[in-house]
>>> print(open('run17.cif').read())   # mmCIF, C-alpha atoms
data_run
#
loop_
_atom_site.label_atom_id
_atom_site.label_comp_id
_atom_site.auth_asym_id
_atom_site.auth_seq_id
_atom_site.Cartn_x
_atom_site.Cartn_y
_atom_site.Cartn_z
CA LYS A 3 -110.16 139.51 -39.47
CA ALA A 4 -109.92 135.73 -39.56
CA GLY A 5 -110.54 134.01 -42.86
CA VAL A 6 -112.79 131.11 -43.70
CA THR A 7 -111.96 128.15 -41.49
CA GLN A 8 -112.60 124.57 -42.50
CA THR A 9 -112.20 121.49 -40.36
CA PRO A 10 -110.88 118.89 -40.52
CA ARG A 11 -108.07 119.55 -42.95
CA TYR A 12 -107.70 115.92 -43.99
CA LEU A 13 -110.04 112.97 -43.66
CA ILE A 14 -109.79 109.33 -44.63
CA LYS A 15 -112.95 107.24 -44.77
CA THR A 16 -114.04 103.93 -46.23
CA ARG A 17 -116.85 103.25 -48.66
CA GLY A 18 -120.28 103.26 -47.07
CA GLN A 19 -119.33 105.52 -44.19
CA GLN A 20 -120.65 109.02 -43.73
CA VAL A 21 -118.73 112.22 -43.11
CA THR A 22 -119.43 115.71 -41.77
CA LEU A 23 -117.34 118.70 -42.73
CA SER A 24 -117.41 122.04 -40.97
CA CYS A 25 -116.99 125.61 -42.16
CA SER A 26 -116.80 128.86 -40.21
CA PRO A 27 -117.24 131.88 -42.49
CA ILE A 28 -115.56 135.24 -42.18
CA SER A 29 -117.10 137.21 -39.34
CA GLY A 30 -120.11 139.12 -40.63
CA HIS A 31 -120.55 136.97 -43.72
CA ARG A 32 -123.94 135.34 -43.86
CA SER A 33 -123.67 133.39 -47.08
CA VAL A 34 -121.81 130.10 -47.23
CA SER A 35 -121.38 127.96 -50.31
CA TRP A 36 -119.73 124.60 -50.80
CA TYR A 37 -117.75 123.31 -53.75
CA GLN A 38 -116.23 120.00 -54.69
CA GLN A 39 -112.89 120.15 -56.45
CA THR A 40 -111.42 117.23 -58.38
CA PRO A 41 -108.69 117.08 -61.04
CA GLY A 42 -111.12 115.91 -63.68
CA GLN A 43 -114.11 118.16 -62.99
CA GLY A 44 -112.58 121.27 -61.47
CA LEU A 45 -114.72 123.28 -59.06
CA GLN A 46 -118.29 122.05 -58.92
CA PHE A 47 -120.98 123.90 -56.97
CA LEU A 48 -122.72 121.85 -54.26
CA PHE A 49 -125.04 124.24 -52.46
CA GLU A 50 -125.32 127.66 -50.93
CA TYR A 51 -126.87 128.80 -47.66
CA PHE A 52 -127.96 132.17 -46.44
CA SER A 53 -129.61 132.85 -43.10
CA GLU A 54 -129.95 129.13 -42.40
CA THR A 55 -131.82 128.52 -45.67
CA GLN A 56 -130.56 126.64 -48.68
CA ARG A 57 -130.84 129.12 -51.54
CA ASN A 58 -129.27 127.20 -54.37
CA LYS A 59 -128.26 123.65 -55.08
CA GLY A 60 -125.94 122.07 -57.61
CA ASN A 61 -126.34 118.84 -59.48
CA PHE A 62 -125.26 116.35 -56.83
CA PRO A 63 -127.11 113.32 -55.46
CA GLY A 64 -129.13 113.48 -52.26
CA ARG A 65 -126.28 111.84 -50.37
CA PHE A 66 -124.81 115.33 -50.20
CA SER A 67 -126.55 117.60 -47.76
CA GLY A 68 -125.78 120.62 -45.70
CA ARG A 69 -127.06 123.05 -43.18
CA GLN A 70 -126.31 126.43 -41.72
CA PHE A 71 -126.58 127.51 -38.13
CA SER A 72 -127.75 130.79 -36.69
CA ASN A 73 -124.13 131.94 -36.28
CA SER A 74 -123.62 131.35 -40.04
CA ARG A 75 -121.37 128.36 -39.48
CA SER A 76 -122.14 125.58 -41.91
CA GLU A 77 -121.74 121.85 -42.15
CA MET A 78 -121.99 119.52 -45.07
CA ASN A 79 -122.64 115.83 -44.81
CA VAL A 80 -121.99 113.05 -47.26
CA SER A 81 -123.65 109.72 -46.52
CA THR A 82 -122.85 106.30 -47.95
CA LEU A 83 -119.49 107.40 -49.25
CA GLU A 84 -118.31 106.23 -52.67
CA LEU A 85 -114.79 106.13 -54.05
CA GLY A 86 -115.71 108.95 -56.44
CA ASP A 87 -116.42 111.25 -53.52
CA SER A 88 -112.69 111.60 -52.92
CA ALA A 89 -112.03 115.29 -53.49
CA LEU A 90 -111.11 118.60 -51.96
CA TYR A 91 -114.22 120.15 -50.45
CA LEU A 92 -114.09 123.91 -50.34
CA CYS A 93 -116.25 126.30 -48.42
CA ALA A 94 -116.62 129.91 -49.47
CA SER A 95 -118.29 132.79 -47.70
CA SER A 96 -119.60 136.15 -48.81
CA PHE A 97 -121.39 139.00 -47.15
CA ARG A 98 -124.66 138.59 -49.04
CA ASP A 99 -126.37 135.95 -51.12
CA ARG A 100 -126.28 137.85 -54.36
CA ALA A 101 -124.43 137.59 -57.59
CA ASN A 102 -121.53 140.02 -57.86
CA GLU A 103 -120.33 139.27 -54.35
CA LYS A 104 -116.72 138.34 -53.77
CA LEU A 105 -116.30 134.76 -52.61
CA PHE A 106 -113.63 134.05 -50.02
CA PHE A 107 -112.50 130.45 -49.75
CA GLY A 108 -111.17 128.31 -46.95
CA SER A 109 -108.25 125.92 -47.42
CA GLY A 110 -110.60 122.99 -47.83
CA THR A 111 -111.01 119.51 -46.45
CA GLN A 112 -109.20 116.83 -48.40
CA LEU A 113 -111.41 113.73 -48.28
CA SER A 114 -110.04 110.37 -49.31
CA VAL A 115 -112.45 107.45 -49.61
CA LEU A 116 -110.82 104.02 -49.58
CA GLY B 18 -102.87 117.87 -50.60
CA GLU B 19 -102.32 118.15 -54.30
CA SER B 20 -105.73 117.35 -55.66
CA VAL B 21 -105.93 120.16 -58.21
CA GLY B 22 -104.94 120.43 -61.75
CA LEU B 23 -103.52 117.11 -62.84
CA HIS B 24 -104.85 117.69 -66.34
CA LEU B 25 -104.62 121.44 -66.62
CA PRO B 26 -103.12 123.47 -69.44
CA THR B 27 -99.78 124.84 -68.33
CA LEU B 28 -98.15 128.18 -69.04
CA SER B 29 -94.42 128.36 -68.42
CA VAL B 30 -92.95 131.83 -68.08
CA GLN B 31 -89.46 133.10 -67.35
CA GLU B 32 -89.10 135.00 -64.11
CA GLY B 33 -89.41 138.71 -64.77
CA ASP B 34 -91.48 138.28 -67.93
CA ASN B 35 -95.16 139.14 -68.22
CA SER B 36 -97.77 136.37 -68.07
CA ILE B 37 -101.11 136.28 -69.82
CA ILE B 38 -103.69 133.74 -68.73
CA ASN B 39 -106.86 133.39 -70.75
CA CYS B 40 -110.37 132.29 -69.95
CA ALA B 41 -113.44 131.81 -72.10
CA TYR B 42 -116.65 132.23 -70.15
CA SER B 43 -119.92 130.56 -70.93
CA ASN B 44 -122.84 132.92 -70.44
CA SER B 45 -123.33 136.21 -72.25
CA ALA B 46 -125.59 137.32 -69.38
CA SER B 47 -122.78 137.08 -66.82
CA ASP B 48 -121.96 140.49 -65.45
CA TYR B 49 -119.30 139.90 -62.81
CA PHE B 50 -116.02 138.05 -63.06
CA ILE B 51 -113.32 137.09 -60.62
CA TRP B 52 -109.81 135.70 -60.98
CA TYR B 53 -108.57 133.34 -58.33
CA LYS B 54 -105.13 131.96 -57.57
CA GLN B 55 -104.78 128.54 -55.98
CA GLU B 56 -101.49 127.35 -54.57
CA SER B 57 -100.81 123.76 -53.76
CA GLY B 58 -102.63 122.66 -50.61
CA LYS B 59 -104.59 125.88 -50.29
CA GLY B 60 -108.00 127.19 -51.22
CA PRO B 61 -108.52 129.67 -54.07
CA GLN B 62 -107.39 133.20 -53.23
CA PHE B 63 -109.13 136.27 -54.65
CA ILE B 64 -106.90 138.25 -57.01
CA ILE B 65 -109.02 140.76 -58.88
CA ASP B 66 -112.56 141.23 -60.12
CA ILE B 67 -114.26 143.13 -62.91
CA ARG B 68 -117.83 144.04 -63.75
CA SER B 69 -119.27 143.87 -67.24
CA ASN B 70 -119.56 147.64 -67.52
CA MET B 71 -115.75 147.78 -67.65
CA ASP B 72 -113.29 146.32 -70.13
CA LYS B 73 -110.13 146.72 -68.07
CA ARG B 74 -109.17 146.87 -64.43
CA GLN B 75 -105.75 147.12 -62.85
CA GLY B 76 -104.45 145.95 -59.53
CA GLN B 77 -101.02 145.54 -58.09
CA ARG B 78 -99.00 143.88 -60.90
CA VAL B 79 -102.19 142.39 -62.32
CA THR B 80 -104.58 143.56 -65.01
CA VAL B 81 -107.83 141.93 -66.06
CA LEU B 82 -109.22 142.49 -69.53
CA LEU B 83 -112.79 141.69 -70.50
CA ASN B 84 -114.00 141.24 -74.06
CA LYS B 85 -117.74 140.71 -73.94
CA THR B 86 -118.05 140.39 -77.69
CA VAL B 87 -116.19 137.09 -77.71
CA LYS B 88 -116.84 136.19 -74.05
CA HIS B 89 -113.18 136.27 -73.18
CA LEU B 90 -111.35 137.22 -70.02
CA SER B 91 -107.62 137.53 -69.52
CA LEU B 92 -105.33 138.03 -66.55
CA GLN B 93 -102.03 139.76 -67.11
CA ILE B 94 -99.32 139.46 -64.48
CA ALA B 95 -96.44 141.89 -64.81
CA ALA B 96 -92.87 140.94 -63.90
CA THR B 97 -93.82 137.38 -62.97
CA GLN B 98 -92.22 136.10 -59.79
CA PRO B 99 -91.65 132.56 -58.44
CA GLY B 100 -94.42 133.17 -55.91
CA ASP B 101 -96.86 133.55 -58.79
CA SER B 102 -96.57 129.84 -59.57
CA ALA B 103 -100.04 128.44 -58.97
CA VAL B 104 -103.27 127.43 -60.69
CA TYR B 105 -105.38 130.37 -61.85
CA PHE B 106 -109.18 130.20 -62.25
CA CYS B 107 -111.68 132.59 -63.66
CA ALA B 108 -115.21 132.63 -62.29
CA GLU B 109 -118.33 134.16 -63.78
CA SER B 110 -121.37 135.25 -61.86
CA ILE B 111 -124.60 134.40 -63.59
CA ALA B 112 -126.85 137.42 -63.44
CA SER B 113 -130.06 135.45 -63.39
CA GLY B 114 -131.32 136.33 -59.95
CA THR B 115 -129.88 133.23 -58.36
CA TYR B 116 -126.61 133.22 -56.56
CA LYS B 117 -124.25 131.04 -58.47
CA TYR B 118 -120.72 131.08 -59.80
CA ILE B 119 -119.28 128.99 -62.61
CA PHE B 120 -115.55 128.36 -62.54
CA GLY B 121 -113.23 127.80 -65.45
CA THR B 122 -111.06 124.70 -65.49
CA GLY B 123 -107.93 126.62 -64.60
CA THR B 124 -104.44 127.18 -65.96
CA ARG B 125 -101.26 126.19 -64.20
CA LEU B 126 -98.60 128.90 -64.25
CA LYS B 127 -95.00 127.78 -63.84
CA VAL B 128 -92.38 130.42 -63.31
CA LEU B 129 -88.93 129.43 -64.48
CA ALA B 130 -85.93 130.83 -62.63
#
>>> encode(input="run17.cif", output="structure tokens")
Amino acid sequence: KAGVTQTPRYLIKTRGQQVTLSCSPISGHRSVSWYQQTPGQGLQFLFEYFSETQRNKGNFPGRFSGRQFSNSRSEMNVSTLELGDSALYLCASSFRDRANEKLFFGSGTQLSVL
Amino acid sequence: GESVGLHLPTLSVQEGDNSIINCAYSNSASDYFIWYKQESGKGPQFIIDIRSNMDKRQGQRVTVLLNKTVKHLSLQIAATQPGDSAVYFCAESIASGTYKYIFGTGTRLKVLA
């Protein structure tokens, strides 16, 4: 069974641009969550989707958005990029949208904002 | 890319010795915990989990201990190997009806040959 797949692996953007990251969950998993990882803040929760609906949202500005498609694949978008958005963006999938579910992570997209 | 753990506490262990990595969790209502291992350039990898109705769980070369009284979690790695070098995170699942995990800041494990 293939794992969580994230594309692209690396991305370089400049301030003010926007970016879209993609995540394909493990087959059969319907819940996808996104995390931002930085050296100073660790893993910070962005949002979680289940059956195309956002179920939970972290404390990030509205520039960060996401969506989920009917095949459970998910995208996240960051508009008007800032230097502080440079981070590793991780996607995780699980079978259900409940607590006590194992999260399986992709390798992430390393975003650098110049 | 190496974007993880520039300011993490580090545990250095001799190859073959046992490692103990500790984690203090935040919410007494949390009832599910996971340990993750993250190698450079990769996403976190599931190691072992434990529910709050248990105080110990063993896997292959790993043991997780849970002390709910002091909200403390530990990961023990037996006979530490060079391949164990990585950043280790604990995660707690908040049993509040919403689906959310909170991750610890992580500990870097360095295995010395």
>>> resolve_selection(input="run17.cif", expression="the PyMOL selection byres ((chain A and resi 73-81) around 6)", output="tab-separated table (two decimals) with C-alpha atoms, keeping the file's coordinate frame")
chain	number	residue	atom	x	y	z
A	20	GLN	CA	-120.65	109.02	-43.73
A	21	VAL	CA	-118.73	112.22	-43.11
A	22	THR	CA	-119.43	115.71	-41.77
A	23	LEU	CA	-117.34	118.70	-42.73
A	24	SER	CA	-117.41	122.04	-40.97
A	25	CYS	CA	-116.99	125.61	-42.16
A	26	SER	CA	-116.80	128.86	-40.21
A	32	ARG	CA	-123.94	135.34	-43.86
A	65	ARG	CA	-126.28	111.84	-50.37
A	66	PHE	CA	-124.81	115.33	-50.20
A	67	SER	CA	-126.55	117.60	-47.76
A	68	GLY	CA	-125.78	120.62	-45.70
A	69	ARG	CA	-127.06	123.05	-43.18
A	70	GLN	CA	-126.31	126.43	-41.72
A	71	PHE	CA	-126.58	127.51	-38.13
A	72	SER	CA	-127.75	130.79	-36.69
A	82	THR	CA	-122.85	106.30	-47.95
A	83	LEU	CA	-119.49	107.40	-49.25
>>> residues_around(input="run17.cif", residues="A:Tyr37", least_positions_apart="5", cutoff="10 Å", atoms="only C-alpha atoms", output="list in words")
Gly44, Leu45, Gln46, Phe47, Leu48, Phe49, Glu50, Gly60, Ala89, Leu90, Tyr91, Leu92, Cys93, Ala94, Phe107 and Gly110 of chain A
>>> closest_residue(input="run17.cif", among="A:Pro10, A:Gly42, A:Gly18, A:Pro63", to="chain B", atoms="all atoms listed in the file")
A:Gly42
>>> atom_distance(input="run17.cif", atom1="atom CA of B:Asn44", atom2="atom CA of B:Val81")
18.0 Å
>>> closest_residue(input="run17.cif", among="A:Ser33, A:Tyr51, A:Gln43, A:Thr9", to="A:Leu105", atoms="all atoms listed in the file")
A:Ser33
>>> residues_near_point(input="run17.cif", point="(-93.3, 132.2, -69.5)", cutoff="12 Å", atoms="all atoms listed in the file", output="list of chain:residue names")
B:Thr27, B:Leu28, B:Ser29, B:Val30, B:Gln31, B:Glu32, B:Gly33, B:Asp34, B:Asn35, B:Ser36, B:Ile37, B:Ile38, B:Gln93, B:Ile94, B:Ala95, B:Ala96, B:Thr97, B:Gln98, B:Pro99, B:Asp101, B:Ser102, B:Arg125, B:Leu126, B:Lys127, B:Val128, B:Leu129, B:Ala130
>>> atom_distance(input="run17.cif", atom1="atom CA of B:Leu90", atom2="atom CA of B:Tyr42")
7.3 Å
>>> residues_around(input="run17.cif", residues="B:Cys107", least_positions_apart="6", cutoff="6 Å", atoms="all atoms listed in the file", output="list in words")
Ile51, Trp52, Phe120 and Gly121 of chain B
>>> closest_residue(input="run17.cif", among="A:Thr40, A:Thr16, A:Ser29, A:Ser114", to="chain B", atoms="only C-alpha atoms")
A:Thr40
>>> closest_residue(input="run17.cif", among="A:Ser35, A:Thr7, A:Gln56, A:Ser109", to="chain B", atoms="all atoms listed in the file")
A:Ser109
>>> residues_near_point(input="run17.cif", point="(-115.1, 141.6, -74.9)", cutoff="12 Å", atoms="only C-alpha atoms", output="list in words")
Cys40, Ala41, Tyr42, Ser45, Asp48, Arg68, Ser69, Asn70, Met71, Asp72, Lys73, Val81, Leu82, Leu83, Asn84, Lys85, Thr86, Val87, Lys88, His89, Leu90 and Ser91 of chain B
>>> resolve_selection(input="run17.cif", expression="the PyMOL selection byres ((chain B and resi 53) around 6)", output="list in words")
Trp52, Lys54, Pro61, Gln62, Phe63, Ile64, Tyr105 and Phe106 of chain B
>>> write_last_selection(input="run17.cif", atoms="C-alpha atoms", output="JSON list (two decimals), in the frame of the given file")
[["chain", "number", "residue", "atom", "x", "y", "z"],
["B", 52, "TRP", "CA", -109.81, 135.70, -60.98],
["B", 54, "LYS", "CA", -105.13, 131.96, -57.57],
["B", 61, "PRO", "CA", -108.52, 129.67, -54.07],
["B", 62, "GLN", "CA", -107.39, 133.20, -53.23],
["B", 63, "PHE", "CA", -109.13, 136.27, -54.65],
["B", 64, "ILE", "CA", -106.90, 138.25, -57.01],
["B", 105, "TYR", "CA", -105.38, 130.37, -61.85],
["B", 106, "PHE", "CA", -109.18, 130.20, -62.25]]
>>> closest_residue(input="run17.cif", among="B:Pro26, B:Gln77, B:Lys59, B:Val104", to="chain A", atoms="all atoms listed in the file")
B:Lys59
>>> build_atoms(input="run17.cif", residues="stretch 65-89 of chain B", atoms="N, CA, C and O atoms", output="mmCIF file, in the frame of the given file")
data_model
loop_
_atom_site.group_PDB
_atom_site.id
_atom_site.type_symbol
_atom_site.label_atom_id
_atom_site.label_comp_id
_atom_site.auth_asym_id
_atom_site.auth_seq_id
_atom_site.Cartn_x
_atom_site.Cartn_y
_atom_site.Cartn_z
ATOM 1 N N ILE B 65 -108.444 139.540 -58.336
ATOM 2 C CA ILE B 65 -109.020 140.760 -58.880
ATOM 3 C C ILE B 65 -110.364 140.438 -59.479
ATOM 4 O O ILE B 65 -110.613 139.302 -59.894
ATOM 5 N N ASP B 66 -111.247 141.421 -59.514
ATOM 6 C CA ASP B 66 -112.560 141.230 -60.120
ATOM 7 C C ASP B 66 -112.839 142.346 -61.118
ATOM 8 O O ASP B 66 -112.140 143.371 -61.167
ATOM 9 N N ILE B 67 -113.865 142.129 -61.938
ATOM 10 C CA ILE B 67 -114.260 143.130 -62.910
ATOM 11 C C ILE B 67 -115.743 142.973 -63.203
ATOM 12 O O ILE B 67 -116.257 141.846 -63.260
ATOM 13 N N ARG B 68 -116.421 144.085 -63.387
ATOM 14 C CA ARG B 68 -117.830 144.040 -63.750
ATOM 15 C C ARG B 68 -117.960 144.250 -65.248
ATOM 16 O O ARG B 68 -117.084 144.805 -65.895
ATOM 17 N N SER B 69 -119.109 143.871 -65.786
ATOM 18 C CA SER B 69 -119.270 143.870 -67.240
ATOM 19 C C SER B 69 -119.375 145.264 -67.826
ATOM 20 O O SER B 69 -119.309 145.422 -69.042
ATOM 21 N N ASN B 70 -119.518 146.280 -67.001
ATOM 22 C CA ASN B 70 -119.560 147.640 -67.520
ATOM 23 C C ASN B 70 -118.150 148.224 -67.707
ATOM 24 O O ASN B 70 -117.995 149.395 -68.029
ATOM 25 N N MET B 71 -117.144 147.381 -67.465
ATOM 26 C CA MET B 71 -115.750 147.780 -67.650
ATOM 27 C C MET B 71 -115.096 146.810 -68.631
ATOM 28 O O MET B 71 -115.543 145.672 -68.786
ATOM 29 N N ASP B 72 -114.027 147.249 -69.284
ATOM 30 C CA ASP B 72 -113.290 146.320 -70.130
ATOM 31 C C ASP B 72 -111.858 146.110 -69.637
ATOM 32 O O ASP B 72 -111.127 145.262 -70.159
ATOM 33 N N LYS B 73 -111.483 146.873 -68.602
ATOM 34 C CA LYS B 73 -110.130 146.720 -68.070
ATOM 35 C C LYS B 73 -110.117 147.182 -66.625
ATOM 36 O O LYS B 73 -110.784 148.163 -66.266
ATOM 37 N N ARG B 74 -109.348 146.447 -65.819
ATOM 38 C CA ARG B 74 -109.170 146.870 -64.430
ATOM 39 C C ARG B 74 -107.776 146.476 -63.988
ATOM 40 O O ARG B 74 -107.308 145.369 -64.284
ATOM 41 N N GLN B 75 -107.130 147.373 -63.273
ATOM 42 C CA GLN B 75 -105.750 147.120 -62.850
ATOM 43 C C GLN B 75 -105.645 147.004 -61.349
ATOM 44 O O GLN B 75 -106.317 147.712 -60.598
ATOM 45 N N GLY B 76 -104.779 146.071 -60.934
ATOM 46 C CA GLY B 76 -104.450 145.950 -59.530
ATOM 47 C C GLY B 76 -102.942 146.056 -59.382
ATOM 48 O O GLY B 76 -102.264 146.589 -60.253
ATOM 49 N N GLN B 77 -102.461 145.504 -58.290
ATOM 50 C CA GLN B 77 -101.020 145.540 -58.090
ATOM 51 C C GLN B 77 -100.372 144.438 -58.918
ATOM 52 O O GLN B 77 -100.533 143.266 -58.649
ATOM 53 N N ARG B 78 -99.675 144.794 -59.958
ATOM 54 C CA ARG B 78 -99.000 143.880 -60.900
ATOM 55 C C ARG B 78 -99.953 143.042 -61.714
ATOM 56 O O ARG B 78 -99.538 142.227 -62.532
ATOM 57 N N VAL B 79 -101.232 143.166 -61.529
ATOM 58 C CA VAL B 79 -102.190 142.390 -62.320
ATOM 59 C C VAL B 79 -103.163 143.316 -63.045
ATOM 60 O O VAL B 79 -103.509 144.384 -62.537
ATOM 61 N N THR B 80 -103.583 142.856 -64.217
ATOM 62 C CA THR B 80 -104.580 143.560 -65.010
ATOM 63 C C THR B 80 -105.555 142.534 -65.557
ATOM 64 O O THR B 80 -105.123 141.477 -66.051
ATOM 65 N N VAL B 81 -106.831 142.819 -65.457
ATOM 66 C CA VAL B 81 -107.830 141.930 -66.060
ATOM 67 C C VAL B 81 -108.463 142.670 -67.234
ATOM 68 O O VAL B 81 -108.791 143.856 -67.140
ATOM 69 N N LEU B 82 -108.585 141.956 -68.340
ATOM 70 C CA LEU B 82 -109.220 142.490 -69.530
ATOM 71 C C LEU B 82 -110.463 141.673 -69.834
ATOM 72 O O LEU B 82 -110.450 140.433 -69.737
ATOM 73 N N LEU B 83 -111.523 142.355 -70.197
ATOM 74 C CA LEU B 83 -112.790 141.690 -70.500
ATOM 75 C C LEU B 83 -113.236 142.054 -71.904
ATOM 76 O O LEU B 83 -113.362 143.239 -72.237
ATOM 77 N N ASN B 84 -113.476 141.050 -72.710
ATOM 78 C CA ASN B 84 -114.000 141.240 -74.060
ATOM 79 C C ASN B 84 -115.351 140.530 -74.131
ATOM 80 O O ASN B 84 -115.431 139.310 -74.315
ATOM 81 N N LYS B 85 -116.407 141.310 -73.991
ATOM 82 C CA LYS B 85 -117.740 140.710 -73.940
ATOM 83 C C LYS B 85 -118.195 140.211 -75.307
ATOM 84 O O LYS B 85 -119.027 139.321 -75.396
ATOM 85 N N THR B 86 -117.657 140.778 -76.338
ATOM 86 C CA THR B 86 -118.050 140.390 -77.690
ATOM 87 C C THR B 86 -117.753 138.921 -77.957
ATOM 88 O O THR B 86 -118.562 138.200 -78.545
ATOM 89 N N VAL B 87 -116.578 138.487 -77.491
ATOM 90 C CA VAL B 87 -116.190 137.090 -77.710
ATOM 91 C C VAL B 87 -116.193 136.290 -76.413
ATOM 92 O O VAL B 87 -115.683 135.172 -76.369
ATOM 93 N N LYS B 88 -116.737 136.853 -75.366
ATOM 94 C CA LYS B 88 -116.840 136.190 -74.050
ATOM 95 C C LYS B 88 -115.468 135.690 -73.595
ATOM 96 O O LYS B 88 -115.262 134.503 -73.311
ATOM 97 N N HIS B 89 -114.558 136.622 -73.504
ATOM 98 C CA HIS B 89 -113.180 136.270 -73.180
ATOM 99 C C HIS B 89 -112.654 137.174 -72.067
ATOM 100 O O HIS B 89 -112.898 138.385 -72.049
#
